[in-house]
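Visitor: Data file run_36.txt (compact mmCIF, C-alpha atoms) is appended below.
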# COMPACT_ATOMS: atom_id res chain seq x y z
CA MET A 144 -0.34 1.00 18.96
CA PRO A 145 -1.29 3.55 21.59
CA ASP A 146 -4.24 2.34 23.60
CA GLU A 147 -6.76 4.92 22.45
CA SER A 148 -9.66 2.86 23.74
CA HIS A 149 -8.94 4.02 27.30
CA THR A 150 -9.48 7.62 26.23
CA SER A 151 -12.80 6.91 24.56
CA LEU A 152 -14.82 8.88 27.13
CA ARG A 153 -12.98 12.08 26.25
CA PRO A 154 -13.57 14.03 23.05
CA GLN A 155 -10.66 13.64 20.65
CA THR A 156 -9.67 16.32 18.19
CA GLU A 157 -7.58 15.71 15.10
CA ARG A 158 -7.04 18.33 12.45
CA ILE A 159 -8.04 16.88 9.08
CA PRO A 160 -7.44 19.36 6.26
CA ALA A 161 -9.74 19.40 3.25
CA ALA A 162 -11.75 16.41 4.44
CA ALA A 163 -13.69 18.80 6.67
CA ALA A 164 -13.42 21.87 4.45
CA GLY A 165 -10.83 23.43 6.74
CA VAL A 166 -12.87 22.94 9.93
CA THR A 167 -11.35 21.37 13.01
CA MET A 168 -13.51 18.41 13.98
CA THR A 169 -14.19 17.07 17.43
CA ALA A 170 -15.04 13.40 17.22
CA PRO A 171 -17.78 12.02 19.41
CA PRO A 172 -16.60 9.67 22.14
CA LEU A 173 -16.51 6.01 21.26
CA PRO A 174 -19.60 4.21 22.48
CA VAL A 175 -19.34 1.72 25.31
CA GLY A 176 -20.60 -1.84 25.46
CA PRO A 177 -20.98 -3.99 22.34
CA SER A 178 -20.08 -1.11 19.99
CA LYS A 179 -16.81 -0.59 21.82
CA TRP A 180 -16.05 -4.30 21.48
CA ARG A 181 -16.88 -4.09 17.77
CA THR A 182 -14.51 -1.15 17.36
CA ARG A 183 -11.69 -3.19 18.86
CA LEU A 184 -12.57 -6.10 16.59
CA LEU A 185 -12.47 -3.73 13.60
CA VAL A 186 -8.99 -2.55 14.60
CA ALA A 187 -7.85 -6.16 14.88
CA GLY A 188 -9.40 -6.96 11.51
CA LEU A 189 -7.65 -4.04 9.81
CA VAL A 190 -4.29 -5.00 11.29
CA LEU A 191 -4.62 -8.70 10.36
CA ALA A 192 -5.76 -7.83 6.84
CA ALA A 193 -2.84 -5.42 6.39
CA LEU A 194 -0.37 -8.06 7.60
CA ASN A 195 -1.51 -10.25 4.69
CA LEU A 196 -1.29 -7.67 1.89
CA ARG A 197 2.35 -8.47 0.99
CA PRO A 198 3.61 -11.90 2.24
CA ALA A 199 2.14 -13.68 -0.80
CA ILE A 200 4.47 -11.51 -2.91
CA THR A 201 7.61 -11.13 -0.81
CA SER A 202 7.71 -14.80 0.27
CA LEU A 203 7.73 -15.78 -3.41
CA GLY A 204 10.56 -13.35 -4.10
CA ALA A 205 12.66 -14.99 -1.39
CA LEU A 206 12.19 -18.45 -2.98
CA LEU A 207 11.93 -17.47 -6.65
CA GLU A 208 15.01 -19.44 -7.71
CA GLU A 209 13.73 -22.61 -6.04
CA VAL A 210 10.27 -22.12 -7.58
CA ARG A 211 11.78 -21.67 -11.03
CA ASP A 212 13.78 -24.86 -10.70
CA GLY A 213 10.89 -26.83 -9.22
CA LEU A 214 8.42 -25.83 -11.93
CA HIS A 215 11.04 -25.80 -14.75
CA MET A 216 10.14 -22.17 -15.37
CA SER A 217 11.99 -20.20 -18.03
CA GLY A 218 13.54 -16.83 -17.33
CA THR A 219 10.86 -15.15 -19.43
CA LEU A 220 8.08 -16.77 -17.43
CA ALA A 221 9.81 -15.78 -14.22
CA GLY A 222 9.81 -12.21 -15.48
CA VAL A 223 6.08 -12.49 -16.20
CA LEU A 224 5.56 -13.83 -12.68
CA THR A 225 7.21 -10.77 -11.13
CA SER A 226 4.92 -8.48 -13.14
CA VAL A 227 1.72 -10.26 -12.08
CA PRO A 228 1.22 -8.31 -8.78
CA PRO A 229 0.88 -4.80 -10.26
CA LEU A 230 -1.20 -6.15 -13.15
CA CYS A 231 -3.63 -7.82 -10.75
CA PHE A 232 -3.70 -4.77 -8.46
CA ALA A 233 -4.63 -2.60 -11.41
CA ALA A 234 -7.17 -4.96 -12.96
CA PHE A 235 -9.05 -6.01 -9.83
CA GLY A 236 -8.69 -2.76 -7.90
CA PHE A 237 -11.13 -0.97 -10.20
CA ALA A 238 -13.88 -3.41 -9.21
CA ALA A 239 -13.59 -2.76 -5.46
CA PRO A 240 -15.86 0.34 -5.17
CA ARG A 241 -18.69 -1.29 -7.12
CA LEU A 242 -18.45 -4.45 -5.03
CA ALA A 243 -18.37 -2.37 -1.83
CA ARG A 244 -21.50 -0.46 -2.85
CA ARG A 245 -23.37 -3.68 -3.52
CA PHE A 246 -22.21 -5.93 -0.67
CA GLY A 247 -20.56 -3.61 1.85
CA PRO A 248 -16.79 -3.08 2.25
CA GLY A 249 -16.55 -5.52 5.18
CA ALA A 250 -18.02 -8.37 3.13
CA VAL A 251 -15.65 -7.61 0.24
CA VAL A 252 -12.61 -7.65 2.54
CA LEU A 253 -13.84 -10.97 3.99
CA VAL A 254 -13.97 -12.50 0.52
CA GLY A 255 -10.60 -10.90 -0.27
CA MET A 256 -8.93 -12.48 2.75
CA ALA A 257 -10.54 -15.83 1.91
CA ALA A 258 -9.15 -15.54 -1.63
CA VAL A 259 -5.67 -14.80 -0.27
CA THR A 260 -5.91 -17.85 2.01
CA ALA A 261 -7.06 -20.13 -0.80
CA GLY A 262 -4.55 -18.86 -3.34
CA VAL A 263 -1.56 -19.09 -1.01
CA ALA A 264 -2.64 -22.54 0.20
CA LEU A 265 -3.26 -23.94 -3.29
CA ARG A 266 -0.28 -22.71 -5.29
CA PRO A 267 2.27 -25.05 -3.61
CA PHE A 268 0.25 -27.96 -5.00
CA ALA A 269 0.40 -26.65 -8.57
CA GLY A 270 1.98 -29.17 -10.88
CA GLY A 271 2.97 -26.61 -13.49
CA THR A 272 3.50 -22.95 -14.19
CA ALA A 273 -0.08 -22.28 -15.37
CA GLY A 274 -1.60 -23.59 -12.14
CA PHE A 275 0.92 -21.70 -10.06
CA LEU A 276 0.16 -18.45 -11.88
CA ALA A 277 -3.60 -18.99 -11.56
CA ALA A 278 -3.40 -19.61 -7.79
CA SER A 279 -1.11 -16.60 -7.36
CA ALA A 280 -3.51 -14.41 -9.35
CA PHE A 281 -6.40 -15.59 -7.14
CA ALA A 282 -4.51 -14.51 -4.01
CA LEU A 283 -3.54 -11.21 -5.65
CA MET A 284 -7.18 -10.55 -6.53
CA GLY A 285 -8.02 -10.68 -2.83
CA ILE A 286 -5.09 -8.40 -2.04
CA ALA A 287 -6.14 -5.92 -4.75
CA VAL A 288 -9.68 -5.31 -3.49
CA SER A 289 -8.48 -5.15 0.12
CA ASN A 290 -5.77 -2.65 -0.86
CA VAL A 291 -8.41 -0.30 -2.22
CA LEU A 292 -10.86 -0.68 0.66
CA MET A 293 -8.45 -0.14 3.56
CA PRO A 294 -8.60 3.70 3.26
CA VAL A 295 -12.37 3.45 2.80
CA LEU A 296 -12.88 1.52 6.04
CA VAL A 297 -10.65 3.93 7.93
CA LYS A 298 -12.52 6.97 6.58
CA ARG A 299 -15.87 5.38 7.35
CA HIS A 300 -15.24 4.08 10.87
CA PHE A 301 -12.47 6.40 12.14
CA PRO A 302 -13.07 9.81 10.50
CA ASP A 303 -11.50 11.58 13.49
CA ARG A 304 -8.37 9.41 13.44
CA VAL A 305 -7.51 8.99 9.78
CA GLY A 306 -3.79 9.51 10.40
CA THR A 307 -3.56 7.19 13.39
CA MET A 308 -5.45 4.32 11.78
CA THR A 309 -3.77 4.72 8.39
CA GLY A 310 -0.44 4.66 10.20
CA LEU A 311 -1.42 1.55 12.11
CA TYR A 312 -2.40 -0.55 9.11
CA SER A 313 0.50 0.84 7.03
CA MET A 314 2.86 -0.25 9.78
CA ALA A 315 1.24 -3.69 9.82
CA LEU A 316 1.57 -3.90 6.03
CA ALA A 317 5.28 -3.04 6.20
CA LEU A 318 5.76 -5.52 9.04
CA GLY A 319 4.11 -8.30 7.04
CA ALA A 320 6.23 -7.56 3.97
CA GLY A 321 9.48 -7.35 5.92
CA THR A 322 8.80 -10.44 8.01
CA ALA A 323 8.01 -12.56 4.96
CA THR A 324 11.22 -11.38 3.30
CA ALA A 325 13.35 -12.11 6.36
CA VAL A 326 11.96 -15.41 7.63
CA THR A 327 10.72 -17.32 4.56
CA VAL A 328 14.08 -18.89 3.70
CA PRO A 329 15.12 -19.92 7.25
CA MET A 330 11.58 -21.10 7.98
CA THR A 331 11.61 -23.18 4.79
CA GLU A 332 14.87 -24.79 5.84
CA ALA A 333 13.51 -25.49 9.33
CA LEU A 334 10.39 -27.15 7.84
CA GLY A 335 12.34 -29.55 5.65
CA GLY A 336 13.67 -27.42 2.82
CA SER A 337 10.73 -27.66 0.38
CA TRP A 338 9.74 -24.39 -1.29
CA ARG A 339 6.18 -25.65 -1.39
CA THR A 340 6.01 -25.78 2.39
CA GLY A 341 7.79 -22.44 2.71
CA LEU A 342 5.19 -20.71 0.54
CA GLY A 343 2.13 -22.58 1.79
CA VAL A 344 2.71 -21.86 5.47
CA TRP A 345 1.70 -18.22 4.92
CA ALA A 346 -1.87 -19.40 4.37
CA VAL A 347 -2.08 -19.82 8.16
CA LEU A 348 -1.61 -16.07 8.68
CA ALA A 349 -4.15 -15.33 5.96
CA ALA A 350 -6.69 -17.68 7.56
CA ALA A 351 -6.32 -15.77 10.84
CA ALA A 352 -7.35 -12.59 9.02
CA VAL A 353 -10.57 -14.23 7.81
CA LEU A 354 -11.89 -14.76 11.36
CA PRO A 355 -12.65 -11.16 12.47
CA TRP A 356 -14.16 -10.29 9.10
CA THR A 357 -16.71 -13.11 9.37
CA VAL A 358 -18.22 -11.01 12.17
CA LEU A 359 -17.54 -7.57 10.72
CA ALA A 360 -19.01 -8.49 7.32
CA ARG A 361 -22.47 -8.81 8.90
CA ASP A 362 -22.69 -5.04 8.68
CA ARG A 363 -24.17 -5.09 5.19
CA ALA A 364 -24.51 -1.32 4.93
CA PRO A 365 -22.98 -0.49 1.57
CA GLY A 366 -20.15 1.95 1.07
CA GLY A 367 -22.61 4.60 -0.07
CA ASP A 368 -22.48 8.28 -0.50
CA ALA A 369 -23.22 9.35 3.00
CA ALA A 370 -20.54 11.34 4.70
CA PRO A 371 -18.96 9.66 7.72
CA ALA A 372 -19.93 10.81 11.16
CA GLY A 373 -18.03 13.89 12.19
CA THR A 374 -17.37 15.25 8.73
CA ALA A 375 -18.79 18.44 7.35
CA PRO A 376 -21.99 17.93 5.38
CA VAL A 377 -21.98 18.53 1.67
CA ALA A 378 -24.43 21.15 0.52
CA PRO A 379 -27.02 20.08 -2.00
CA GLY A 380 -25.78 20.72 -5.47
CA GLY A 381 -22.34 21.40 -4.07
CA GLY A 382 -20.60 18.79 -6.08
CA GLY A 383 -20.25 16.39 -3.19
CA GLY A 384 -22.46 13.68 -4.62
CA VAL A 385 -20.26 10.77 -5.46
CA SER A 386 -22.36 9.52 -8.32
CA GLY A 387 -21.60 12.74 -10.21
CA LEU A 388 -17.85 12.65 -9.64
CA ARG A 389 -15.76 12.52 -12.80
CA LEU A 390 -12.29 11.74 -11.57
CA GLY A 391 -10.88 12.02 -15.07
CA ARG A 392 -11.61 15.77 -14.80
CA SER A 393 -9.89 16.14 -11.44
CA ARG A 394 -6.32 17.38 -11.46
CA THR A 395 -5.90 16.16 -7.90
CA ALA A 396 -7.07 12.64 -8.80
CA TRP A 397 -4.61 12.42 -11.67
CA ALA A 398 -1.80 13.83 -9.55
CA MET A 399 -2.67 11.27 -6.86
CA ALA A 400 -2.55 8.44 -9.42
CA TRP A 401 0.84 9.54 -10.76
CA PHE A 402 2.25 10.04 -7.28
CA PHE A 403 1.04 6.58 -6.24
CA GLY A 404 2.37 5.00 -9.44
CA LEU A 405 5.80 6.60 -9.24
CA GLN A 406 6.28 5.67 -5.58
CA ALA A 407 5.20 2.11 -6.43
CA THR A 408 7.74 2.12 -9.26
CA GLY A 409 10.48 3.00 -6.79
CA ALA A 410 9.33 0.33 -4.36
CA TYR A 411 9.29 -2.45 -6.97
CA ILE A 412 12.69 -1.40 -8.31
CA THR A 413 14.12 -1.41 -4.79
CA MET A 414 12.70 -4.83 -3.91
CA GLY A 415 13.71 -6.36 -7.21
CA TRP A 416 17.10 -4.83 -7.95
CA MET A 417 18.70 -3.25 -4.90
CA PRO A 418 20.39 -6.44 -3.58
CA GLN A 419 22.01 -6.87 -7.01
CA VAL A 420 23.21 -3.25 -6.95
CA PHE A 421 24.99 -3.89 -3.66
CA ARG A 422 26.38 -7.28 -4.76
CA ASP A 423 27.82 -5.84 -7.96
CA ALA A 424 29.51 -3.17 -5.84
CA GLY A 425 31.36 -5.89 -3.91
CA VAL A 426 29.01 -6.32 -0.96
CA PRO A 427 28.65 -9.99 0.10
CA ALA A 428 25.34 -11.66 -0.81
CA GLY A 429 24.31 -12.14 2.82
CA THR A 430 24.99 -8.50 3.63
CA ALA A 431 23.10 -7.38 0.53
CA GLY A 432 20.06 -9.26 1.83
CA LEU A 433 20.41 -7.58 5.20
CA LEU A 434 20.58 -4.18 3.51
CA LEU A 435 17.27 -4.89 1.76
CA ALA A 436 15.82 -5.90 5.12
CA VAL A 437 16.96 -2.55 6.56
CA ILE A 438 15.26 -0.69 3.70
CA MET A 439 12.00 -2.50 4.38
CA ALA A 440 12.30 -2.29 8.16
CA MET A 441 12.46 1.51 8.05
CA GLY A 442 8.85 1.43 6.92
CA VAL A 443 7.60 -0.16 10.13
CA PRO A 444 7.97 2.79 12.55
CA LEU A 445 7.74 5.53 9.92
CA ALA A 446 4.54 4.11 8.43
CA PHE A 447 2.91 4.82 11.78
CA VAL A 448 4.44 8.26 12.32
CA ILE A 449 4.13 9.86 8.86
CA PRO A 450 0.34 9.55 8.44
CA ARG A 451 -0.25 11.08 11.88
CA VAL A 452 1.96 14.03 11.00
CA ALA A 453 0.40 14.37 7.54
CA THR A 454 -3.16 14.73 8.86
CA ARG A 455 -2.09 17.68 11.01
CA MET A 456 -0.74 19.64 8.04
CA SER A 457 -2.81 21.76 5.68
CA SER A 458 -0.66 20.50 2.78
CA GLN A 459 1.38 17.31 2.61
CA GLY A 460 3.77 18.73 0.01
CA PRO A 461 6.66 19.34 2.46
CA ILE A 462 6.64 15.67 3.50
CA VAL A 463 6.59 14.61 -0.16
CA VAL A 464 9.65 16.76 -0.88
CA ALA A 465 11.52 15.62 2.25
CA LEU A 466 11.04 11.93 1.36
CA GLY A 467 12.06 12.58 -2.24
CA LEU A 468 15.26 14.36 -1.17
CA CYS A 469 16.18 11.37 1.00
CA GLY A 470 15.84 9.17 -2.07
CA LEU A 471 17.90 11.50 -4.27
CA THR A 472 20.66 11.57 -1.66
CA ALA A 473 20.63 7.77 -1.48
CA PHE A 474 20.90 7.37 -5.26
CA ALA A 475 23.72 9.90 -5.41
CA GLY A 476 25.53 7.84 -2.78
CA LEU A 477 24.89 4.62 -4.70
CA TYR A 478 26.34 6.24 -7.82
CA PHE A 479 29.57 7.50 -6.23
CA ALA A 480 30.21 5.15 -3.27
CA PRO A 481 27.79 2.20 -3.35
CA ALA A 482 29.74 -0.05 -0.98
CA GLY A 483 31.39 2.52 1.27
CA GLY A 484 28.15 4.05 2.50
CA ALA A 485 25.85 1.08 1.85
CA TRP A 486 24.17 1.14 5.28
CA LEU A 487 23.47 4.87 5.10
CA TRP A 488 22.05 4.57 1.58
CA ALA A 489 19.81 1.71 2.76
CA VAL A 490 18.44 3.83 5.61
CA LEU A 491 17.76 6.78 3.30
CA LEU A 492 16.06 4.56 0.72
CA GLY A 493 13.91 3.07 3.46
CA ILE A 494 12.82 6.57 4.49
CA SER A 495 12.13 7.53 0.88
CA ASN A 496 9.98 4.43 0.33
CA CYS A 497 7.63 5.64 3.07
CA SER A 498 5.85 7.61 0.36
CA PHE A 499 3.46 4.64 0.29
CA PRO A 500 1.76 5.25 3.67
CA LEU A 501 1.78 8.96 2.87
CA ALA A 502 -0.07 8.27 -0.39
CA LEU A 503 -2.69 6.19 1.44
CA THR A 504 -3.21 8.99 3.94
CA MET A 505 -3.60 11.58 1.20
CA ILE A 506 -6.25 9.43 -0.50
CA GLY A 507 -8.26 9.57 2.72
CA LEU A 508 -7.89 13.34 2.97
CA ARG A 509 -8.80 14.24 -0.60
CA SER A 510 -12.50 13.35 -0.36
CA ARG A 511 -15.26 14.24 2.08
CA THR A 512 -17.18 10.97 1.89
CA GLY A 513 -16.47 7.29 2.27
CA ALA A 514 -17.76 6.58 -1.23
CA GLY A 515 -15.59 9.38 -2.62
CA VAL A 516 -12.56 7.83 -0.94
CA ALA A 517 -13.50 4.48 -2.49
CA ARG A 518 -13.63 6.01 -5.97
CA LEU A 519 -10.37 7.90 -5.51
CA SER A 520 -8.63 4.91 -3.91
CA ALA A 521 -9.58 2.64 -6.80
CA PHE A 522 -8.63 5.23 -9.41
CA ALA A 523 -5.30 6.19 -7.83
CA GLN A 524 -4.17 2.67 -6.97
CA SER A 525 -5.30 0.90 -10.13
CA THR A 526 -3.99 3.62 -12.45
CA GLY A 527 -0.88 3.93 -10.31
CA TYR A 528 -0.04 0.24 -10.47
CA LEU A 529 -0.38 0.34 -14.26
CA ILE A 530 2.05 3.24 -14.30
CA SER A 531 4.51 1.27 -12.15
CA ILE A 532 4.82 -1.75 -14.44
CA PRO A 533 7.44 -0.47 -16.95
CA GLY A 534 9.89 0.92 -14.37
CA PRO A 535 11.56 -2.30 -13.14
CA VAL A 536 11.69 -3.60 -16.73
CA LEU A 537 13.44 -0.43 -17.93
CA VAL A 538 15.99 -0.74 -15.14
CA GLY A 539 16.71 -4.32 -16.18
CA VAL A 540 17.09 -3.36 -19.84
CA LEU A 541 19.49 -0.52 -19.02
CA TYR A 542 21.50 -2.75 -16.70
CA GLN A 543 21.80 -5.47 -19.33
CA HIS A 544 22.79 -3.19 -22.21
CA SER A 545 24.98 -0.70 -20.34
CA GLY A 546 26.89 -3.32 -18.37
CA GLY A 547 26.74 -1.35 -15.12
CA TRP A 548 24.54 0.53 -12.71
CA GLY A 549 25.31 4.12 -13.67
CA LEU A 550 22.41 4.63 -16.09
CA PRO A 551 19.89 2.56 -14.08
CA ILE A 552 20.65 4.53 -10.91
CA ALA A 553 20.26 7.79 -12.86
CA LEU A 554 16.85 6.54 -14.06
CA MET A 555 15.83 5.64 -10.50
CA ALA A 556 16.77 9.12 -9.32
CA GLY A 557 14.97 10.63 -12.31
CA PHE A 558 11.69 8.99 -11.30
CA LEU A 559 11.79 10.88 -8.00
CA VAL A 560 11.57 14.32 -9.65
CA PRO A 561 8.07 13.90 -11.18
CA GLN A 562 7.07 11.95 -8.07
CA MET A 563 7.77 15.01 -5.93
CA VAL A 564 5.96 17.33 -8.36
CA MET A 565 2.87 15.12 -8.49
CA GLY A 566 2.93 14.61 -4.73
CA VAL A 567 2.97 18.35 -4.08
CA ILE A 568 -0.03 18.82 -6.38
CA ALA A 569 -1.90 15.88 -4.81
CA GLY A 570 -1.10 17.16 -1.32
CA ARG A 571 -2.86 20.51 -1.73
CA ASP A 572 -5.65 21.30 0.72
CA ARG A 573 -8.67 20.50 -1.45
CA THR A 574 -11.13 17.68 -2.15
CA ILE A 575 -12.09 15.97 -5.37
CA GLU A 576 -15.71 17.05 -4.80
CA ASP A 577 -14.69 20.71 -4.74
CA GLU A 578 -12.52 20.30 -7.78
CA THR A 579 -15.12 18.57 -9.95
CA ARG A 580 -17.72 21.14 -8.86
CA MET A 581 -15.44 24.01 -9.92
CA ARG A 582 -15.08 22.42 -13.36
CA ASP A 583 -18.84 21.91 -13.87
Output the structure of this file as structure tokens.

Guide:
Amino acid sequence: MPDESHTSLRPQTERIPAAAAGVTMTAPPLPVGPSKWRTRLLVAGLVLAALNLRPAITSLGALLEEVRDGLHMSGTLAGVLTSVPPLCFAAFGFAAPRLARRFGPGAVVLVGMAAVTAGVALRPFAGGTAGFLAASAFALMGIAVSNVLMPVLVKRHFPDRVGTMTGLYSMALALGAGTATAVTVPMTEALGGSWRTGLGVWAVLAAAAVLPWTVLARDRAPGGDAAPAGTAPVAPGGGGGVSGLRLGRSRTAWAMAWFFGLQATGAYITMGWMPQVFRDAGVPAGTAGLLLAVIMAMGVPLAFVIPRVATRMSSQGPIVVALGLCGLTAFAGLYFAPAGGAWLWAVLLGISNCSFPLALTMIGLRSRTGAGVARLSAFAQSTGYLISIPGPVLVGVLYQHSGGWGLPIALMAGFLVPQMVMGVIAGRDRTIEDETRMRD
């Protein structure tokens, strides 16, 4: 991360379309003394929280076969287990804005990180499938509310650096997911070979994320309707009041939800099925795993770069289209020459999957207020994760009944077309407050 703290005595300008009604904002310099220390602690807290938003999921994927054998889990139950994350994200994500208004977003993230720690620590001790699922759901509940509140905290505390901070925690999220995928199996072997130890050790990382939030949660100011410092004020009666927002009437909110859901569909399909695509094409199992690691690793640098670029554009549609075209090229390659160009297709898929940090950035840009971002984040992510659930199942059904990857790959490519359309609509230079006001 660039050391922006050393430039805190100079005004910093970052163009934020829509969020400031088209006005270029000059952020006030960061305060010195205890507030400056608190800002650094907040950055550390965001990064540590983001690092823990995926290892509970990807570490389980790496050891799923061992978990199935150890718990005598049927194939059907294993399929249910893989669908638990998006279900929990959808169910618990809707509660995040209400909890943030009542207790403050920092306190909710603290409880969320504590839930992740407890769930990850407890599930290795589960004696059966029901206990394992319950502990996993507890951890996923903490991840769900933290998922929703990350854009809110960025909008609230860093309104002049939405792109930079979104990029930073998106990069940390991708790093956590990729690291858990890559090191869980060798780490399990180094610690004695028990899957219980291999899964439980990730509770240590989650516990580290609890520490900064025990301090940050003392700020009990709720995630209310007030606009963050540096943003343009909302005129009385101008539709900016969050309590009057009806996101179901906002075309941008629905487009944002569909864009988020379709990109999540692609991500879950990639994580769940892409190694099998490569293996069925004749790629060795070890190489197929490395190809998945390449796909996920592409998100680490690009998750930092893309949000910073997106906040400097009046519309994010061109980035949406560019990422979608990378995905379409990759799927065309997988259809015609899956093994011959495997490394190139992996790189292109990794670029295409960076629609996730772009979606998070767009959520922060489509509302003027922190509370508006909370509402939009909960709506887009929870609805989006519901939308994403059928995709991986449909791919599996087509694969099983067609006996090959032709139809499933065509379906994967087909998902990218509406994703690009919805992303272009969601990326227009407007806010949900303006849109709901126009419809009143």

Visitor: How far is it from atom CA of Thr504 of chain A to atom CA of Leu354 of chain A, in Å with one decimal?

Guide: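 If I compute the distance from atom CA of Thr504 of chain A to atom CA of Leu354 of chain A, I get 26.4 Å.
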
Visitor: Which residue gives the smallest distance to Ala199 of chain A among A:Ala257, A:Met216, A:Ala320, A:Cys231, with all atoms listed in the file counted?

Guide: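 That would be A:Ala320, the residue with the smallest distance to Ala199 of chain A.
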
Visitor: With only C-alpha atoms as the basis for distance, which of A:Phe275, A:Trp416, A:Trp180, A:Phe421 is at the shortest distance from Val210 of chain A?

Guide: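 For Val210 of chain A, the nearest of the given residues is A:Phe275.
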
Visitor: With distances taken over all atoms listed in the file, which residue among A:Ala424, A:Ile575, A:Met439, A:Val259 lies nearest Arg511 of chain A?

Guide: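 Using all atoms listed in the file, Arg511 of chain A sits closest to A:Ile575.
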
Visitor: Specify the axis-aligned box that encloses all atoms of segment 306-321 of chain A listed in the file after padding of 5 Å on each side, stating its centre and edge lengths in Å to one decimal as lines of an AutoDock Vina configuration file.

Guide:
center_x = 2.0
center_y = 0.6
center_z = 8.7
size_x = 24.9
size_y = 27.8
size_z = 19.4

Visitor: Contacts of segment 478-493 of chain A at 7 Å or less, counting only C-alpha atoms, minus same-chain residues fewer than 6 places along, as a PyMOL selection string?

Guide: chain A and resi 421+424-426+434+437-439+441-442+469-470+549+552

Visitor: Could you please take those selected residues and save C-alpha atoms as a JSON list (two decimals), in the coordinates of the input?

Guide:
[["chain", "number", "residue", "atom", "x", "y", "z"],
["A", 421, "PHE", "CA", 24.99, -3.89, -3.66],
["A", 424, "ALA", "CA", 29.51, -3.17, -5.84],
["A", 425, "GLY", "CA", 31.36, -5.89, -3.91],
["A", 426, "VAL", "CA", 29.01, -6.32, -0.96],
["A", 434, "LEU", "CA", 20.58, -4.18, 3.51],
["A", 437, "VAL", "CA", 16.96, -2.55, 6.56],
["A", 438, "ILE", "CA", 15.26, -0.69, 3.70],
["A", 439, "MET", "CA", 12.00, -2.50, 4.38],
["A", 441, "MET", "CA", 12.46, 1.51, 8.05],
["A", 442, "GLY", "CA", 8.85, 1.43, 6.92],
["A", 469, "CYS", "CA", 16.18, 11.37, 1.00],
["A", 470, "GLY", "CA", 15.84, 9.17, -2.07],
["A", 549, "GLY", "CA", 25.31, 4.12, -13.67],
["A", 552, "ILE", "CA", 20.65, 4.53, -10.91]]

Visitor: Atom CA of Gly310 of chain A to atom CA of Leu445 of chain A: how many Å, to one decimal?

Guide: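 That distance, rounded to one decimal, is 8.2 Å.
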
Visitor: Which residue out of A:Ala346, A:Met330, A:Val291, A:Ala277 has the minimum interatomic distance to Ala261 of chain A when all atoms listed in the file are used?

Guide: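 Smallest distance to Ala261 of chain A is found for A:Ala346.
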
Visitor: Can you tell me how far atom CA of Ala517 of chain A sits from atom CA of Pro240 of chain A, in Å to one decimal?

Guide: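 We find that atom CA of Ala517 of chain A and atom CA of Pro240 of chain A lie 5.5 Å from each other.
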
Visitor: Neighbouring residues of Ala431 of chain A were defined as those with any atom within 8 Å, considering only C-alpha atoms; residues of the same chain fewer than 4 positions away were excluded. Please report them as a list in words.

Guide: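 Near neighbours after the sequence-gap exclusion: Pro418, Gln419, Phe421, Arg422, Val426, Pro427 and Leu435 of chain A.
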
Visitor: Using all atoms listed in the file for the distances, tell me which of A:Leu477, A:Glu576, A:Ala287, A:Gly306 is nearest to Ala514 of chain A.

Guide: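 Smallest distance to Ala514 of chain A is found for A:Glu576.
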
Visitor: Tell me which of A:Pro355, A:Gly255, A:Gly213, A:Pro533 sits closest to Leu191 of chain A, counting only C-alpha atoms.

Guide: A:Pro355

Visitor: Around (8.6, -19.1, -8.1), as given in the file, which residues come within 9 Å? Count all atoms listed in the file and list them as a list in words.

Guide: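 Those within range, by chain then number, are Leu203, Gly204, Ala205, Leu206, Leu207, Glu208, Glu209, Val210, Arg211, Asp212, Gly213, Leu214, Met216, Ala221, Leu224, Thr225, Thr272, Phe275 and Trp338 of chain A.
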
Visitor: Need to verify the contact set: Pro294 of chain A, 12 Å, only C-alpha atoms, exclusion of same-chain residues closer than 5 positions in sequence. Can you return it as a PyMOL selection string?

Guide: chain A and resi 189+193+239-240+248+288-289+299-302+304-313+366+450+500-510+512-521+523-524
